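What follows is run36.csv (CSV, C-alpha atoms).
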```csv
chain,number,residue,atom,x,y,z
Y,28,MET,CA,1.5,27.3,-35.0
Y,29,LEU,CA,-2.1,27.3,-36.2
Y,30,PHE,CA,-3.3,26.4,-39.6
Y,31,ARG,CA,-6.8,27.9,-40.1
Y,32,SER,CA,-9.0,27.8,-43.1
Y,33,ALA,CA,-12.0,30.1,-43.0
Y,34,ASN,CA,-14.5,27.7,-44.5
Y,35,MET,CA,-13.3,24.5,-42.8
Y,36,THR,CA,-14.0,23.4,-39.3
Y,37,GLN,CA,-11.0,21.0,-39.3
Y,38,GLN,CA,-7.9,22.7,-38.1
Y,39,THR,CA,-4.6,21.5,-36.8
Y,40,ALA,CA,-2.8,23.3,-34.0
Y,41,ARG,CA,0.7,22.5,-32.7
Y,42,ARG,CA,2.6,23.8,-29.7
Y,43,ASP,CA,6.0,22.9,-28.3
Y,44,VAL,CA,6.1,22.5,-24.6
Y,45,THR,CA,8.7,21.5,-22.0
Y,46,ILE,CA,8.0,19.2,-19.1
Y,47,VAL,CA,8.7,21.3,-16.0
Y,48,ASN,CA,7.6,19.3,-13.1
Y,49,PRO,CA,10.4,17.4,-11.3
Y,50,GLN,CA,8.9,14.0,-11.5
Y,51,GLY,CA,8.2,14.2,-15.2
Y,52,LEU,CA,5.2,12.9,-17.0
Y,53,HIS,CA,4.4,10.0,-14.7
Y,54,ALA,CA,1.1,8.3,-14.2
Y,55,ARG,CA,-0.7,11.1,-12.4
Y,56,PRO,CA,0.2,13.9,-14.8
Y,57,ALA,CA,-0.5,11.5,-17.7
Y,58,ASP,CA,-3.9,10.8,-16.2
Y,59,LEU,CA,-4.6,14.6,-15.9
Y,60,PHE,CA,-3.4,15.2,-19.5
Y,61,VAL,CA,-5.5,12.4,-21.0
Y,62,LYS,CA,-8.6,13.4,-19.0
Y,63,LEU,CA,-8.3,17.0,-20.2
Y,64,ALA,CA,-7.6,15.9,-23.8
Y,65,ASN,CA,-10.7,13.7,-23.8
Y,66,GLN,CA,-12.8,16.8,-23.0
Y,67,PHE,CA,-12.2,18.0,-26.5
Y,68,GLU,CA,-13.5,16.6,-29.7
Y,69,SER,CA,-10.2,17.1,-31.5
Y,70,GLU,CA,-7.8,14.3,-32.0
Y,71,VAL,CA,-4.8,15.0,-29.7
Y,72,GLY,CA,-1.3,13.7,-30.3
Y,73,LEU,CA,1.9,14.1,-28.3
Y,74,ILE,CA,5.2,14.0,-30.2
Y,75,LYS,CA,8.6,13.3,-28.7
Y,76,ASN,CA,11.7,13.0,-30.9
Y,77,GLY,CA,9.5,12.4,-33.9
Y,78,GLU,CA,7.5,9.7,-32.2
Y,79,ARG,CA,3.8,10.5,-32.1
Y,80,VAL,CA,1.4,8.9,-29.7
Y,81,ASP,CA,-2.3,9.2,-29.0
Y,82,GLY,CA,-2.7,12.0,-26.4
Y,83,LYS,CA,-6.0,10.6,-25.3
Y,84,SER,CA,-4.6,7.2,-24.2
Y,85,ILE,CA,-2.8,7.0,-20.9
Y,86,LEU,CA,-1.0,3.8,-22.0
Y,87,ALA,CA,0.3,5.7,-25.0
Y,88,VAL,CA,1.3,8.8,-23.1
Y,89,LEU,CA,3.2,6.7,-20.6
Y,90,THR,CA,5.3,5.2,-23.3
Y,91,LEU,CA,7.0,8.6,-23.8
Y,92,ALA,CA,8.8,8.4,-20.4
Y,93,ALA,CA,9.0,12.2,-20.6
Y,94,GLU,CA,11.3,13.4,-17.8
Y,95,LYS,CA,11.7,17.0,-16.6
Y,96,GLY,CA,13.2,19.0,-19.4
Y,97,THR,CA,11.8,16.9,-22.1
Y,98,GLU,CA,10.5,18.8,-25.1
Y,99,LEU,CA,7.2,17.6,-26.5
Y,100,THR,CA,4.9,18.9,-29.2
Y,101,ILE,CA,1.2,18.8,-28.6
Y,102,GLU,CA,-0.9,18.5,-31.7
Y,103,ALA,CA,-4.6,18.8,-32.0
Y,104,THR,CA,-6.8,18.3,-35.0
Y,105,GLY,CA,-10.5,19.2,-35.1
Y,106,HIS,CA,-12.8,22.1,-34.8
Y,107,ASP,CA,-11.8,22.8,-31.2
Y,108,ALA,CA,-8.1,22.3,-31.8
Y,109,ALA,CA,-7.0,25.8,-30.8
Y,110,VAL,CA,-8.9,25.7,-27.4
Y,111,ALA,CA,-7.6,22.2,-26.8
Y,112,ILE,CA,-4.0,23.2,-27.4
Y,113,ASN,CA,-4.2,26.2,-25.1
Y,114,ALA,CA,-5.7,24.2,-22.3
Y,115,LEU,CA,-3.3,21.3,-22.6
Y,116,THR,CA,-0.3,23.7,-22.9
Y,117,GLU,CA,-1.3,25.5,-19.8
Y,118,LEU,CA,-1.6,22.2,-17.9
Y,119,VAL,CA,1.9,21.0,-18.9
Y,120,GLU,CA,3.5,24.4,-18.3
Y,121,SER,CA,1.9,24.7,-14.9
Y,122,GLY,CA,3.8,21.6,-14.0
Y,123,PHE,CA,0.5,19.8,-13.6
Y,124,VAL,CA,-0.6,22.0,-10.7
Y,125,GLU,CA,-2.6,19.4,-9.0
Y,126,GLU,CA,0.4,17.4,-8.4
Y,127,LYS,CA,2.1,20.0,-6.2
Y,128,ARG,CA,-1.0,20.3,-4.1
Y,129,THR,CA,-1.7,16.7,-3.6
Y,130,ASN,CA,1.7,14.9,-3.7
Y,131,PRO,CA,3.1,14.8,-0.2
Y,132,GLN,CA,6.6,13.7,-1.2
H,24,MET,CA,43.2,9.9,-23.0
H,25,GLN,CA,42.1,7.9,-25.9
H,26,VAL,CA,39.3,9.3,-28.0
H,27,SER,CA,37.3,7.0,-30.4
H,28,ILE,CA,34.6,8.2,-32.6
H,29,SER,CA,32.0,5.9,-34.3
H,30,THR,CA,28.9,6.5,-36.3
H,31,ARG,CA,25.7,4.6,-37.0
H,32,HIS,CA,23.4,5.1,-40.0
H,33,GLY,CA,25.8,7.3,-41.9
H,34,ASP,CA,29.3,8.9,-42.0
H,35,LEU,CA,30.9,12.1,-40.9
H,36,SER,CA,33.3,14.2,-42.8
H,37,GLN,CA,36.9,14.3,-41.7
H,38,GLU,CA,36.4,17.9,-40.7
H,39,VAL,CA,33.5,17.2,-38.3
H,40,GLN,CA,35.4,14.2,-36.9
H,41,GLN,CA,38.4,16.4,-36.2
H,42,LYS,CA,36.2,18.9,-34.5
H,43,ILE,CA,34.6,16.3,-32.3
H,44,ASN,CA,38.0,15.0,-31.4
H,45,ASP,CA,39.3,18.4,-30.5
H,46,LYS,CA,36.3,19.2,-28.3
H,47,VAL,CA,36.4,15.8,-26.5
H,48,ALA,CA,40.2,15.9,-26.0
H,49,ARG,CA,39.7,19.0,-23.9
H,50,LEU,CA,37.8,17.1,-21.2
H,51,PRO,CA,40.8,16.0,-19.2
H,52,ARG,CA,41.4,19.6,-18.3
H,53,LEU,CA,38.4,19.4,-16.1
H,54,PHE,CA,39.4,16.0,-14.5
H,55,GLU,CA,42.7,14.4,-15.1
H,56,ARG,CA,41.8,10.8,-14.4
H,57,LEU,CA,40.0,10.1,-17.6
H,58,THR,CA,41.3,7.1,-19.5
H,59,ALA,CA,39.1,6.9,-22.6
H,60,ALA,CA,36.3,8.6,-24.4
H,61,ASN,CA,34.0,6.9,-26.8
H,62,VAL,CA,31.8,9.0,-28.9
H,63,MET,CA,28.9,7.4,-30.8
H,64,ILE,CA,27.0,9.5,-33.4
H,65,ASP,CA,23.7,8.2,-34.6
H,66,LEU,CA,22.6,9.7,-37.9
H,67,GLU,CA,19.5,7.8,-38.4
H,68,HIS,CA,17.4,11.0,-38.1
H,69,THR,CA,19.4,13.4,-40.1
H,70,GLU,CA,17.5,16.4,-38.8
H,71,SER,CA,18.1,15.4,-35.2
H,72,PRO,CA,21.4,13.5,-34.8
H,73,GLU,CA,22.1,11.8,-31.5
H,74,VAL,CA,25.4,11.9,-29.8
H,75,GLU,CA,26.4,9.6,-27.0
H,76,ILE,CA,29.6,10.0,-25.1
H,77,ARG,CA,31.0,7.4,-22.7
H,78,ILE,CA,34.0,8.4,-20.5
H,79,SER,CA,36.1,5.9,-18.6
H,80,VAL,CA,37.6,7.1,-15.4
H,81,GLU,CA,40.1,5.5,-13.1
H,82,HIS,CA,38.5,3.9,-10.0
H,83,ALA,CA,34.9,4.7,-11.0
H,84,ARG,CA,32.1,3.7,-13.2
H,85,ASP,CA,31.9,5.1,-16.7
H,86,PHE,CA,30.1,8.4,-17.2
H,87,VAL,CA,27.6,8.4,-20.0
H,88,ALA,CA,25.5,11.2,-21.6
H,89,THR,CA,23.4,11.5,-24.7
H,90,GLU,CA,21.9,14.4,-26.4
H,91,THR,CA,19.9,15.0,-29.6
H,92,SER,CA,20.0,18.3,-31.4
H,93,ALA,CA,19.6,19.9,-34.8
H,94,SER,CA,23.3,19.3,-35.7
H,95,VAL,CA,26.0,16.9,-34.7
H,96,ILE,CA,28.1,19.6,-33.1
H,97,ALA,CA,25.2,21.1,-31.2
H,98,ALA,CA,24.3,17.6,-29.9
H,99,LEU,CA,27.9,17.0,-29.0
H,100,ASP,CA,28.1,20.3,-27.1
H,101,GLY,CA,25.0,19.3,-25.1
H,102,THR,CA,26.5,15.9,-24.4
H,103,ILE,CA,29.8,17.4,-23.3
H,104,HIS,CA,28.0,19.8,-21.1
H,105,LYS,CA,26.1,16.9,-19.4
H,106,VAL,CA,29.2,14.8,-18.9
H,107,GLU,CA,31.1,17.7,-17.5
H,108,GLN,CA,28.5,18.2,-14.9
H,109,GLN,CA,28.8,14.5,-14.0
H,110,LEU,CA,32.5,14.8,-13.8
H,111,ARG,CA,32.3,17.9,-11.6
H,112,ARG,CA,30.0,16.1,-9.2
H,113,HIS,CA,32.3,13.1,-9.1
H,114,LYS,CA,35.3,15.3,-8.4
H,115,LYS,CA,33.5,17.1,-5.7
H,116,LYS,CA,32.5,13.8,-4.1
H,117,LEU,CA,36.2,12.6,-4.1
H,118,LYS,CA,37.2,15.9,-2.5
H,119,GLY,CA,34.5,15.6,0.1
H,120,HIS,CA,35.8,12.2,1.1
H,121,LYS,CA,39.3,13.5,1.4
H,122,ALA,CA,38.1,16.4,3.5
H,123,THR,CA,36.4,14.0,6.0
H,124,GLY,CA,39.8,12.3,6.5
H,125,LEU,CA,39.3,9.2,4.4
H,126,LYS,CA,42.4,8.0,2.6
H,127,HIS,CA,42.4,7.9,-1.1
H,128,GLN,CA,42.4,4.1,-1.1
H,129,SER,CA,39.1,3.9,0.7
H,130,VAL,CA,37.6,6.1,-2.0
H,131,SER,CA,38.5,3.7,-4.7
H,132,ASP,CA,37.4,0.7,-2.6
H,133,GLU,CA,34.0,2.3,-2.1
H,134,SER,CA,33.7,3.0,-5.8
H,135,GLU,CA,34.3,-0.6,-6.6
H,136,ASN,CA,31.8,-1.8,-4.0
H,137,VAL,CA,29.1,0.3,-5.6
H,138,GLU,CA,30.2,-0.5,-9.1
H,139,THR,CA,27.6,-3.1,-9.8
H,140,ALA,CA,24.7,-1.1,-8.5
H,141,SER,CA,25.8,2.1,-10.2
H,142,GLN,CA,26.5,0.3,-13.4
H,143,ARG,CA,23.1,-1.2,-13.4
H,144,ARG,CA,21.5,2.2,-12.8
H,145,GLN,CA,23.6,3.6,-15.6
H,146,ASP,CA,22.4,0.9,-17.9
H,147,ILE,CA,18.8,1.6,-16.9
H,148,ARG,CA,19.3,5.3,-17.7
H,149,ASN,CA,20.6,4.7,-21.1
H,150,HIS,CA,18.4,1.9,-22.5
H,151,LEU,CA,14.8,0.9,-22.4
H,152,MET,CA,14.3,-0.6,-19.1
H,153,LYS,CA,13.5,-4.3,-19.0
H,154,PHE,CA,11.2,-6.2,-16.6
H,155,ALA,CA,14.2,-8.0,-15.3
H,156,ASP,CA,15.6,-4.6,-14.2
H,157,PHE,CA,12.9,-4.0,-11.7
H,158,VAL,CA,10.6,-6.9,-11.2
H,159,SER,CA,11.5,-9.1,-8.3
H,160,PRO,CA,11.0,-12.6,-9.6
H,161,ASP,CA,10.4,-14.1,-6.2
H,162,ALA,CA,7.5,-11.8,-5.5
H,163,ILE,CA,5.5,-12.5,-8.6
H,164,LYS,CA,2.0,-13.7,-7.9
H,165,ALA,CA,-0.2,-15.7,-10.3
H,166,GLY,CA,-3.8,-16.5,-9.3
H,167,MET,CA,-4.1,-13.7,-6.8
H,168,GLU,CA,-6.7,-14.3,-4.1
H,169,ALA,CA,-7.7,-10.7,-3.4
H,170,ASP,CA,-11.0,-9.4,-4.8
H,171,THR,CA,-10.8,-5.8,-3.6
H,172,LYS,CA,-8.5,-2.9,-4.5
H,173,ASP,CA,-7.0,-2.7,-1.0
H,174,GLY,CA,-6.8,-6.5,-0.9
H,175,VAL,CA,-4.7,-6.6,-4.1
H,176,ILE,CA,-2.3,-3.9,-2.8
H,177,GLU,CA,-1.9,-5.8,0.5
H,178,GLU,CA,-1.3,-9.2,-1.2
H,179,MET,CA,1.3,-7.7,-3.5
H,180,VAL,CA,3.2,-5.8,-0.8
H,181,ALA,CA,3.1,-9.0,1.3
H,182,ALA,CA,4.7,-10.8,-1.6
H,183,LEU,CA,7.5,-8.2,-1.7
H,184,VAL,CA,8.0,-8.7,2.1
H,185,ALA,CA,8.1,-12.5,1.7
H,186,ALA,CA,10.7,-12.1,-1.1
H,187,ASN,CA,12.8,-9.9,1.2
H,188,GLN,CA,12.5,-6.9,-1.1
H,189,ILE,CA,11.0,-4.7,1.6
H,190,ALA,CA,11.3,-4.9,5.3
H,191,GLN,CA,8.4,-6.1,7.5
H,192,ASP,CA,8.7,-2.9,9.5
H,193,ASP,CA,8.0,-0.7,6.5
H,194,THR,CA,5.0,-2.6,5.3
H,195,GLU,CA,2.4,-0.5,7.1
H,196,SER,CA,3.9,2.8,5.8
H,197,ILE,CA,4.3,1.6,2.3
H,198,LEU,CA,0.7,0.2,2.2
H,199,LYS,CA,-0.6,3.5,3.5
H,200,ALA,CA,1.3,5.5,0.9
H,201,ILE,CA,0.2,3.3,-2.0
H,202,LYS,CA,-3.5,3.5,-0.9
H,203,LYS,CA,-3.2,7.2,-0.5
H,204,ARG,CA,-1.9,7.5,-4.1
H,205,GLU,CA,-4.9,5.6,-5.3
H,206,GLU,CA,-7.1,8.1,-3.6
H,207,LEU,CA,-5.7,10.8,-5.9
H,208,GLY,CA,-6.9,8.9,-8.9
H,209,SER,CA,-6.9,5.2,-9.8
H,210,THR,CA,-3.7,3.8,-11.3
H,211,GLY,CA,-5.9,1.5,-13.4
H,212,ILE,CA,-4.6,2.7,-16.7
H,213,GLY,CA,-7.0,0.7,-18.9
H,214,ARG,CA,-6.8,-2.6,-20.8
H,215,GLY,CA,-7.2,-4.4,-17.5
H,216,VAL,CA,-3.9,-3.1,-16.2
H,217,ALA,CA,-3.1,-1.2,-13.0
H,218,VAL,CA,0.2,0.2,-11.7
H,219,PRO,CA,-0.3,0.9,-8.0
H,220,HIS,CA,2.9,2.7,-6.8
H,221,THR,CA,4.5,5.0,-4.3
H,222,LYS,CA,7.8,6.5,-3.5
H,223,HIS,CA,9.3,5.4,-0.2
H,224,PRO,CA,12.4,6.4,1.7
H,225,SER,CA,13.1,2.8,2.8
H,226,VAL,CA,14.1,1.6,-0.7
H,227,ASP,CA,17.3,2.5,-2.5
H,228,ARG,CA,16.3,1.3,-5.9
H,229,LEU,CA,13.1,0.7,-7.8
H,230,ILE,CA,11.5,-2.5,-6.7
H,231,ALA,CA,8.4,-4.0,-8.2
H,232,THR,CA,6.3,-7.1,-8.5
H,233,VAL,CA,3.7,-8.4,-10.9
H,234,GLY,CA,0.3,-9.9,-9.9
H,235,ILE,CA,-2.2,-11.7,-12.1
H,236,SER,CA,-5.9,-12.0,-11.1
H,237,GLU,CA,-7.8,-14.6,-13.0
H,238,LEU,CA,-11.2,-13.0,-12.5
H,239,GLY,CA,-10.2,-9.4,-12.4
H,240,VAL,CA,-10.8,-6.9,-9.6
H,241,ASP,CA,-12.7,-3.6,-9.6
H,242,PHE,CA,-10.0,-1.0,-9.4
H,243,ASP,CA,-11.9,2.2,-10.4
H,244,SER,CA,-10.0,2.1,-13.6
H,245,LEU,CA,-10.1,5.0,-16.0
H,246,ASP,CA,-12.0,2.8,-18.6
H,247,GLY,CA,-14.2,1.1,-16.0
H,248,GLU,CA,-12.8,-2.3,-16.8
H,249,LYS,CA,-11.9,-4.8,-14.2
H,250,VAL,CA,-8.1,-5.2,-13.7
H,251,GLN,CA,-6.3,-8.5,-14.1
H,252,LEU,CA,-2.7,-7.3,-14.4
H,253,PHE,CA,-1.0,-5.5,-11.6
H,254,PHE,CA,2.4,-4.0,-11.6
H,255,LEU,CA,3.2,-2.6,-8.1
H,256,LEU,CA,6.2,-0.2,-7.9
H,257,VAL,CA,8.0,1.2,-4.9
H,258,SER,CA,10.6,3.8,-5.9
H,259,PRO,CA,13.3,5.7,-4.0
H,260,LEU,CA,12.6,9.3,-3.4
H,261,ASP,CA,15.3,10.6,-5.7
H,262,ARG,CA,15.0,8.6,-8.8
H,263,PRO,CA,12.0,9.8,-10.8
H,264,SER,CA,13.6,8.7,-14.1
H,265,ASP,CA,13.7,5.0,-13.2
H,266,HIS,CA,10.1,5.2,-12.2
H,267,LEU,CA,9.2,6.8,-15.6
H,268,ARG,CA,11.2,4.2,-17.5
H,269,ALA,CA,9.5,1.4,-15.7
H,270,LEU,CA,6.1,2.9,-16.6
H,271,GLU,CA,7.4,3.3,-20.1
H,272,ASN,CA,8.4,-0.4,-20.3
H,273,ILE,CA,5.1,-1.6,-18.9
H,274,SER,CA,3.0,0.5,-21.1
H,275,ARG,CA,5.0,-0.3,-24.3
H,276,GLN,CA,4.9,-4.0,-23.7
H,277,LEU,CA,1.2,-4.0,-22.8
H,278,ARG,CA,0.3,-2.3,-26.1
H,279,ASP,CA,1.0,-5.6,-27.6
H,280,ASN,CA,-2.2,-7.6,-27.5
H,281,THR,CA,-0.6,-11.0,-27.5
H,282,PHE,CA,1.6,-10.2,-24.6
H,283,CYS,CA,-1.3,-8.7,-22.7
H,284,ARG,CA,-3.6,-11.6,-23.3
H,285,PHE,CA,-1.1,-14.3,-22.5
H,286,LEU,CA,-0.1,-12.5,-19.3
H,287,LYS,CA,-3.8,-12.4,-18.2
H,288,GLN,CA,-4.1,-16.1,-19.0
H,289,SER,CA,-1.1,-17.0,-16.9
H,290,LYS,CA,-1.9,-19.4,-14.2
H,291,THR,CA,1.5,-20.1,-12.7
H,292,VAL,CA,4.4,-17.9,-11.6
H,293,ALA,CA,6.6,-19.8,-14.1
H,294,GLU,CA,4.4,-18.8,-17.0
H,295,VAL,CA,4.5,-15.2,-15.9
H,296,LYS,CA,8.3,-15.3,-15.6
H,297,LYS,CA,8.6,-16.8,-19.0
H,298,LEU,CA,6.4,-14.2,-20.6
H,299,LEU,CA,8.3,-11.3,-19.0
H,300,GLU,CA,11.5,-12.8,-20.2
H,301,GLU,CA,10.2,-13.1,-23.7
H,302,ALA,CA,9.0,-9.5,-23.6
H,303,ASP,CA,12.5,-8.5,-22.4
H,304,ASN,CA,13.9,-10.2,-25.4
H,305,ASN,CA,11.6,-8.3,-27.6
H,306,GLN,CA,9.7,-11.3,-28.8
H,307,PHE,CA,6.4,-9.4,-28.7
H,308,VAL,CA,7.4,-6.0,-30.0
H,309,SER,CA,6.3,-5.7,-33.5
```
Structure translated into structure tokens:
Amino acid sequence: MLFRSANMTQQTARRDVTIVNPQGLHARPADLFVKLANQFESEVGLIKNGERVDGKSILAVLTLAAEKGTELTIEATGHDAAVAINALTELVESGFVEEKRTNPQ
Amino acid sequence: MQVSISTRHGDLSQEVQQKINDKVARLPRLFERLTAANVMIDLEHTESPEVEIRISVEHARDFVATETSASVIAALDGTIHKVEQQLRRHKKKLKGHKATGLKHQSVSDESENVETASQRRQDIRNHLMKFADFVSPDAIKAGMEADTKDGVIEEMVAALVAANQIAQDDTESILKAIKKREELGSTGIGRGVAVPHTKHPSVDRLIATVGISELGVDFDSLDGEKVQLFFLLVSPLDRPSDHLRALENISRQLRDNTFCRFLKQSKTVAEVKKLLEEADNNQFVS
């Protein structure tokens, strides 16, 4: 969903995603998510079962304990919200690609 | 089989209760040794009711599943689906034992032997994990001596060995794995906290210890701060959920400034234990 207003630079974008990597959103994926989120100026939030946490804080993201199969909503507010949402969604849906490559177990 | 239905934060119509009863009452078709079913419906979030089902079975631990969905019946269906899968697996396991020539009696004996461990795991799966669920009290370190990243990891793993939580023979391999994980990206998650960890085949449950460094150690943290609080975790290969819940517990508790500050100021193991215990009792959660 994207709410856009022609004359405003503030926009909020939301996207529902499902955690697909077998280990869930543990420290490494959370780190990747937060690092990517911090590359955007928009505020980023992650919502699980109605609980919203700061998507730019690893401590906050870890409190979600999102296992494989968990449905989350990514929410971004700011002028680059749409780009942020796309990039973050891709990261989550790829199963945090880097993990597969680097995690030996 | 007895079916009991209870609700929290609201009531259900007779009609819905009857429907739930009918659906749950069909479970023994799948597996005859069910003795009771408790269904708990939480209506706190009306748009996303939560249904928990607990099934008691002869000679085995309880089977528990929860599901949240847009309606009570949808959540119930999801829950039943989950619990059916658990029951099928259980049934298969029993059959497997019989096929290998073990007598029925030995099956139930074994179930009883593993009762405590399974029950504990089940509890962990269904509630917010507590420090007491995974921190080995005898391995807690206050006033750590190490002043390097590797030194911290070594000191904490040595503490786990000394507390008989991991075998001396596995030390080398565990150390290597934890250090390798750090190379992928520091587990210093900010606020002076780090969670060095690895999976390792030698452990059959999540084990962990806590270390406090008075001066702090440079851990290449994400926020560049020195780390004073260390939670070192070693997980079995096949239980990602426990690991996630431990991280959840650590991160939730440490969001509380008071807990975080007191823990950093702890100078003795007794103080650390007391703080962890208080955190487990929710004395810090606002």
Around all listed atoms of range 84-101 of chain Y, padded 4 Å per side, what centre and edge lengths does the axis-aligned box have in Å to one decimal, as JSON?
```
{"center_x": 4.3, "center_y": 11.4, "center_z": -22.9, "size_x": 25.8, "size_y": 23.2, "size_z": 20.6}
```
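Taking only C-alpha atoms into account, Ala108 in chain Y lies nearest to Y:Val71 out of the set Y:Leu86, Y:Val47, Y:Val71, Y:Leu52.
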Residues of chain H within 8 Å of chain Y, using all atoms listed in the file, as a tab-separated table (two decimals) with C-alpha atoms, keeping the file's coordinate frame?
```
chain	number	residue	atom	x	y	z
H	207	LEU	CA	-5.70	10.80	-5.90
H	208	GLY	CA	-6.90	8.90	-8.90
H	210	THR	CA	-3.70	3.80	-11.30
H	212	ILE	CA	-4.60	2.70	-16.70
H	213	GLY	CA	-7.00	0.70	-18.90
H	222	LYS	CA	7.80	6.50	-3.50
H	260	LEU	CA	12.60	9.30	-3.40
H	263	PRO	CA	12.00	9.80	-10.80
H	264	SER	CA	13.60	8.70	-14.10
H	266	HIS	CA	10.10	5.20	-12.20
H	267	LEU	CA	9.20	6.80	-15.60
H	268	ARG	CA	11.20	4.20	-17.50
H	270	LEU	CA	6.10	2.90	-16.60
H	271	GLU	CA	7.40	3.30	-20.10
H	272	ASN	CA	8.40	-0.40	-20.30
H	274	SER	CA	3.00	0.50	-21.10
H	275	ARG	CA	5.00	-0.30	-24.30
H	278	ARG	CA	0.30	-2.30	-26.10
```
- Counting only C-alpha atoms, figure out which residue out of Y:Pro56, Y:Gly105, Y:Gly96, Y:Gly122 gets nearest to Lys75 in chain Y. Y:Gly96
- Query: Neighbours of Leu299 in chain H within 12 Å (all atoms listed in the file; same-chain residues fewer than 6 positions away dropped), as a VMD selection string?
  - Reply: chain H and resid 153 to 160 163 232 to 233 254 272 to 273 276 to 277 282 to 283 285 to 286 289 292 to 293 305 to 307
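If you look at CA of Asp193 in chain H and CA of Val175 in chain H, they are 17.6 Å away from each other.
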- Between CA of Lys199 in chain H and CA of His223 in chain H, what is the spacing in Å? 10.7 Å
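What separates CA of Phe253 in chain H from CA of Asp192 in chain H is a distance of 23.4 Å.
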- Message: When you look at Arg41 in chain Y with a cut-off of 12 Å (counting all atoms listed in the file), what residues show up, excluding the ones that are within fewer than 6 positions of it in the same chain? I need them as a ChimeraX atom specification.
- Response: /Y:28-31,70-74,99-105,108-113,115-116
- Item | Within 6 Å of file point (42.7, 8.3, -13.6), counting all atoms listed in the file, expressed as a list in words | Arg56, Leu57, Val80 and Glu81 of chain H
Output file for the selection above: C-alpha atoms, as a PDB file, in the coordinates of the input:
```pdb
ATOM      1  CA  ARG H  56      41.800  10.800 -14.400  1.00  0.00           C
ATOM      2  CA  LEU H  57      40.000  10.100 -17.600  1.00  0.00           C
ATOM      3  CA  VAL H  80      37.600   7.100 -15.400  1.00  0.00           C
ATOM      4  CA  GLU H  81      40.100   5.500 -13.100  1.00  0.00           C
TER       5      GLU H  81
END
```
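Residues lying within 10 Å of Leu50 in chain H, counting all atoms listed in the file and ignoring same-chain neighbours fewer than 3 positions away, are Met24, Asp45, Lys46, Val47, Leu53, Phe54, Glu55, Leu57, Ala60, Ile78, Ile103, Val106, Glu107 and Leu110 of chain H.
Once only C-alpha atoms are considered, the residues situated within 6 Å of the file point (-6.3, 10.9, -26.3) turn out to be Val61, Ala64, Asn65, Val71, Asp81, Gly82, Lys83 and Ser84 of chain Y.
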